[in-house]
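Colleague: First, the structure itself, so that you have it in front of you.
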Amino acid sequence: MAINDRRLVYSSVVSETSLRLESFEQLALPHFEGLYNFACWLTQDRQEAEDLVQETYAKALKGFSSFRQGTNFRAWIYKILRNTFLTSRTGLKASATMPIDVEGEEEVLPTTEETPESILLQRSDWQRVQQAMEQLPVAYREVLLLCEVEEMSYQEISATLGIPIGTVMSRLSRARKMLRAQLRPGPQEG
Amino acid sequence: MGCDSWKAELDTYLDGELPEEEMRAFDAHVRGCPSCSADALTRVQVKRAIRVAGKRFTPTADLRKRIQKSIAAPPQRSFGLRWTLAAATAVVLVVGWLAASYMVSRSGRDQIYSEIADLHVATMASSSPVDVVSTDRHTVKPWFQGRIPFAFNLPELQNTEFSLLGGRMAYLDQTPGAHLIYDIRKHHISVLVFQERSMKLSASWGENVLSPKNLPFNMETWNQGGLRYFVIGDANATDIDNLAKLFKAAS
């Protein structure tokens with residue numbers, strides 16, 4: 001009887017552990033493509049991005065016990081990737097250009113600057129868009145990617161980047177303005 | 001321009017991040033305002049373009065494999081856990097086995113004790129307790145030669161209160177042995193000698209194991225020169241011990 005009881009205890013320890021491991025895999029794997037894409041946009045180097053993703057998964061796995069079940073896993077693991085990036089050599093260089101945000105500093109864009117006709121995007125224009133995104137400083141690029149590509153809510157972006165929602169909005173606004181400016185046909189394009 | 005305040009929030013509107021009421025008001029305004037709807041259309045286009053252009057990098061199958069493996073690495077941890085559990089299980093099993101074999105050996109030993117006691121009682125109750133009636137050890141010892149597969153020494157009883165009554169063959173665990181009967185102050189004591197290696201559970205015997213409490217006799221047992229000695233009787237423990245000492249000294 002005692003031995004059976006002990007076996008029950010052992011098996012429950014095993015199943016609890018495997019359950020936890022299983023849930024990490026289940027939670028983390030679906031974000032693999034997204035994390036890699038985000039890493040490439042941050043580092044602008046595929047090899048560096050691979051290392052970054054690997055390191056992110058290793059850190060996430062190690063720190064999984066600190067993840068509070070029921071909270072946003074995506075924001076949690078993206079935050080790990082971003083923080084890991086910021087402490088890398090490329091990240092340190094990039095963070096030197098991080099903007100000093102002033103909350104509520106959202107700019108109202110003069111409508112005269114852009115008209116619908118001025119940036120009518122063609123299907124073949126995606127390369128122009130990519131180039132324009134590459135030109136953006138990391139702080140604006142990342143917020144734009146999280147919003148448009150990852151389709152995160154402001155709340156999620158705020159959790160991922162560790163900035164207030166107001167700052168998320170002002171950075172987004174600025175990022176869009178910069179991008180639109182890039183996409184506006186220049187005089188050389190006729 | 002009245003639309004500026006709307007346009008300031010146009011992106012938030014298109015991101016679907018305005019409170020519900022404001023969202024509804026915005027819907028109504030954009031539908032009725034050509035400038036805002038045109039602007040919204042452009043921004044939606046840009047949003048869509050960013051979404052498409054942004055999904056630019058696809059990881060290699062190799063990286064996926066490596067990541068999966070690194071996530072599967074915790075099974076390595078659970079591997080360790082499994083080993084720990086296996087070790088723990090092994091310990092439990094070994095302890096269980098030891099306990100079981102201890103109990104088996106104890107019950108086997110108890111069984112032998114009671115068989116020895118039976119031999120003693122049966123002999124005392126017998127009308128002819130001894131096959132060789134002699135008080136002389138020099139008569140008894142040769143009698144056993146050829147009857148049992150070993151030789152042993154009988155102690156000199158001069159200056160002791162013990163007297164030898166005689167000897168007989170005994171069988172324990174289908175092994176022949178010597179059964180000697182001594183007398184001390186009207187108490188009879190049996191001394192049984194067997195070859196230990198031919199007895200089952202021989203390894204479980206301790207030295208100088210004293211009688212179990214559930215037996216109405218005092219008993220002492222020990223191994224000497226490959227022989228297992230039992231001294232049992234209703235005499236007191238000191239007499240039993242003294243006779244045992246005499247045998248130990250003689251061998």
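If you're wondering about the labels, chains in the structure tokens are A, B, ... by order shown, residues count from 1 in each chain, ligands from 1 in order shown.
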Only residues of chain B matter here; which ones have an atom within 10 Å of chain A, counting only C-alpha atoms? Give them as a compact mmCIF listing (two decimals) with N, CA and C atoms, in the first residue's frame.

Modeller:
# COMPACT_ATOMS: atom_id res chain seq x y z
N MET B 1 -9.35 73.41 -39.94
CA MET B 1 -10.19 72.38 -40.54
C MET B 1 -10.76 71.47 -39.46
N CYS B 3 -11.71 68.60 -39.55
CA CYS B 3 -11.33 67.19 -39.60
C CYS B 3 -10.04 66.89 -38.87
N ASP B 4 -9.25 67.95 -38.56
CA ASP B 4 -7.94 67.71 -37.92
C ASP B 4 -8.02 66.87 -36.65
N SER B 5 -9.04 67.17 -35.84
CA SER B 5 -9.17 66.44 -34.57
C SER B 5 -9.48 64.97 -34.83
N TRP B 6 -10.22 64.74 -35.89
CA TRP B 6 -10.50 63.35 -36.27
C TRP B 6 -9.22 62.69 -36.77
N LYS B 7 -8.52 63.44 -37.64
CA LYS B 7 -7.34 62.84 -38.26
C LYS B 7 -6.24 62.52 -37.25
N ALA B 8 -6.27 63.31 -36.19
CA ALA B 8 -5.27 63.05 -35.14
C ALA B 8 -5.46 61.65 -34.56
N GLU B 9 -6.68 61.18 -34.62
CA GLU B 9 -6.98 59.87 -34.03
C GLU B 9 -7.25 58.80 -35.07
N LEU B 10 -7.00 59.15 -36.31
CA LEU B 10 -7.32 58.24 -37.40
C LEU B 10 -6.58 56.90 -37.28
N ASP B 11 -5.29 56.96 -36.95
CA ASP B 11 -4.50 55.73 -36.81
C ASP B 11 -5.04 54.86 -35.68
N THR B 12 -5.34 55.51 -34.57
CA THR B 12 -5.87 54.77 -33.42
C THR B 12 -7.19 54.12 -33.80
N ASP B 15 -6.47 51.23 -35.98
CA ASP B 15 -5.89 50.12 -35.18
C ASP B 15 -6.96 49.46 -34.30
N GLY B 16 -8.14 50.04 -34.32
CA GLY B 16 -9.23 49.49 -33.52
C GLY B 16 -9.03 49.68 -32.03
N GLU B 17 -8.32 50.76 -31.67
CA GLU B 17 -7.97 50.94 -30.26
C GLU B 17 -8.76 52.06 -29.57
N SER B 35 -12.75 63.59 -47.22
CA SER B 35 -11.33 63.79 -46.91
C SER B 35 -10.83 62.71 -45.95
N CYS B 36 -11.60 62.49 -44.87
CA CYS B 36 -11.17 61.49 -43.86
C CYS B 36 -11.23 60.09 -44.44
N SER B 37 -12.23 59.80 -45.26
CA SER B 37 -12.32 58.44 -45.79
C SER B 37 -11.18 58.18 -46.77
N ALA B 38 -10.80 59.23 -47.53
CA ALA B 38 -9.68 59.07 -48.45
C ALA B 38 -8.39 58.85 -47.68
N ASP B 39 -8.23 59.63 -46.63
CA ASP B 39 -7.04 59.49 -45.77
C ASP B 39 -7.01 58.10 -45.13
N ALA B 40 -8.18 57.67 -44.66
CA ALA B 40 -8.27 56.36 -44.03
C ALA B 40 -7.89 55.26 -45.02
N LEU B 41 -8.36 55.41 -46.24
CA LEU B 41 -8.06 54.42 -47.28
C LEU B 41 -6.56 54.31 -47.51
N THR B 42 -5.91 55.48 -47.59
CA THR B 42 -4.46 55.49 -47.78
C THR B 42 -3.75 54.79 -46.63
N ARG B 43 -4.20 55.15 -45.43
CA ARG B 43 -3.53 54.58 -44.25
C ARG B 43 -3.75 53.07 -44.16
N GLN B 45 -4.13 51.17 -46.69
CA GLN B 45 -3.23 50.63 -47.70
C GLN B 45 -1.81 50.48 -47.18
N VAL B 46 -1.37 51.54 -46.49
CA VAL B 46 -0.01 51.50 -45.93
C VAL B 46 0.10 50.41 -44.87
N LYS B 47 -0.92 50.35 -44.06
CA LYS B 47 -0.94 49.29 -43.02
C LYS B 47 -0.80 47.91 -43.67
N ARG B 48 -1.59 47.70 -44.70
CA ARG B 48 -1.56 46.41 -45.39
C ARG B 48 -0.19 46.15 -46.01
N ALA B 49 0.37 47.21 -46.60
CA ALA B 49 1.69 47.09 -47.23
C ALA B 49 2.75 46.72 -46.20
N ILE B 50 2.65 47.36 -45.04
CA ILE B 50 3.63 47.06 -43.97
C ILE B 50 3.47 45.61 -43.52
N ARG B 51 2.22 45.17 -43.41
CA ARG B 51 1.97 43.79 -42.96
C ARG B 51 2.60 42.79 -43.92
N VAL B 52 2.41 43.05 -45.23
CA VAL B 52 2.95 42.13 -46.24
C VAL B 52 4.48 42.22 -46.27
N ALA B 53 4.97 43.45 -46.33
CA ALA B 53 6.42 43.65 -46.42
C ALA B 53 7.12 43.22 -45.15
N GLY B 54 6.39 43.37 -44.05
CA GLY B 54 7.00 43.04 -42.76
C GLY B 54 7.21 41.55 -42.55
N LYS B 55 6.36 40.76 -43.18
CA LYS B 55 6.54 39.30 -43.07
C LYS B 55 7.55 38.87 -44.12
N ARG B 56 8.76 39.26 -43.87
CA ARG B 56 9.77 39.16 -44.90
C ARG B 56 10.69 37.97 -44.70
N PHE B 57 10.97 37.65 -43.48
CA PHE B 57 12.01 36.64 -43.21
C PHE B 57 11.41 35.32 -42.74
N THR B 58 11.85 34.28 -43.41
CA THR B 58 11.37 32.94 -43.05
C THR B 58 12.55 32.14 -42.51
N PRO B 59 12.38 31.54 -41.35
CA PRO B 59 13.48 30.77 -40.77
C PRO B 59 13.74 29.48 -41.55
N THR B 60 14.95 29.00 -41.45
CA THR B 60 15.30 27.74 -42.12
C THR B 60 14.75 26.56 -41.31
N LEU B 63 17.02 25.72 -38.40
CA LEU B 63 16.87 26.49 -37.16
C LEU B 63 15.67 25.97 -36.37
N ARG B 64 14.60 25.69 -37.10
CA ARG B 64 13.40 25.15 -36.43
C ARG B 64 13.75 23.87 -35.67
N ARG B 66 16.67 22.94 -34.60
CA ARG B 66 17.52 23.24 -33.44
C ARG B 66 16.71 23.78 -32.26
N ILE B 67 15.75 24.66 -32.59
CA ILE B 67 14.91 25.23 -31.53
C ILE B 67 14.07 24.13 -30.88
N GLN B 68 13.49 23.30 -31.74
CA GLN B 68 12.65 22.22 -31.20
C GLN B 68 13.47 21.32 -30.28
N SER B 70 16.14 22.20 -28.66
CA SER B 70 16.50 22.90 -27.42
C SER B 70 15.31 22.97 -26.47
N ILE B 71 14.11 22.98 -27.05
CA ILE B 71 12.92 22.95 -26.19
C ILE B 71 12.71 21.54 -25.67
N ALA B 72 13.07 20.58 -26.52
CA ALA B 72 12.96 19.18 -26.10
C ALA B 72 14.06 18.86 -25.10
N ALA B 73 15.02 19.80 -24.95
CA ALA B 73 16.11 19.58 -23.99
C ALA B 73 15.62 19.35 -22.57
N PRO B 74 14.54 20.05 -22.15
CA PRO B 74 14.02 19.73 -20.82
C PRO B 74 13.74 18.27 -20.61
N PRO B 75 13.23 17.54 -21.67
CA PRO B 75 13.22 16.10 -21.47
C PRO B 75 14.56 15.59 -20.98
N ARG B 77 16.27 17.22 -18.90
CA ARG B 77 16.16 17.47 -17.47
C ARG B 77 15.28 16.38 -16.86
N SER B 78 14.20 16.09 -17.60
CA SER B 78 13.32 15.06 -17.07
C SER B 78 13.99 13.70 -17.20
N LEU B 81 15.54 13.59 -14.15
CA LEU B 81 14.48 13.33 -13.18
C LEU B 81 14.12 11.85 -13.24
N ARG B 82 14.04 11.36 -14.52
CA ARG B 82 13.67 9.97 -14.68
C ARG B 82 14.71 9.08 -14.01
N LEU B 85 14.27 9.22 -10.39
CA LEU B 85 13.14 8.40 -9.99
C LEU B 85 13.49 6.93 -10.08
N ALA B 88 15.53 6.21 -7.19
CA ALA B 88 14.69 6.16 -6.00
C ALA B 88 13.89 4.86 -5.96
N THR B 89 13.35 4.50 -7.13
CA THR B 89 12.58 3.26 -7.22
C THR B 89 13.48 2.08 -6.88
N VAL B 92 13.97 1.95 -3.26
CA VAL B 92 12.76 1.41 -2.62
C VAL B 92 12.71 -0.10 -2.78
N LEU B 93 13.02 -0.54 -4.02
CA LEU B 93 12.97 -1.98 -4.29
C LEU B 93 14.00 -2.74 -3.47
N GLY B 96 13.00 -2.72 0.01
CA GLY B 96 11.88 -3.66 0.11
C GLY B 96 12.36 -5.09 0.09

Colleague: Would you return as a ChimeraX atom specification the members of stretch 9-94 of chain B that DSSP assigns to alpha helix (DSSP H) on this structure's backbone?

Modeller: /B:10-14,20-32,34-54,61-72,74-94

Colleague: Could you jot down the atom CA of B:Ala235 to atom CA of B:Arg197 separation for me, Å, one decimal place?

Modeller: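 Atom CA of B:Arg197 lies at a distance of 29.1 Å from atom CA of B:Ala235.
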
Colleague: Grab the atom CA of B:Asp62 to atom CA of A:Lys59 distance for me, in Å with one decimal place.

Modeller: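 About the pair atom CA of B:Asp62 and atom CA of A:Lys59: they are 19.8 Å apart.
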
Colleague: Pick out the residues sitting within 10 Å of B:Arg185, and hand them over as number ranges by chain; count only C-alpha atoms, and ignore anything fewer than 4 positions along from it in its own chain.

Modeller: B: 161-163, 235, 239
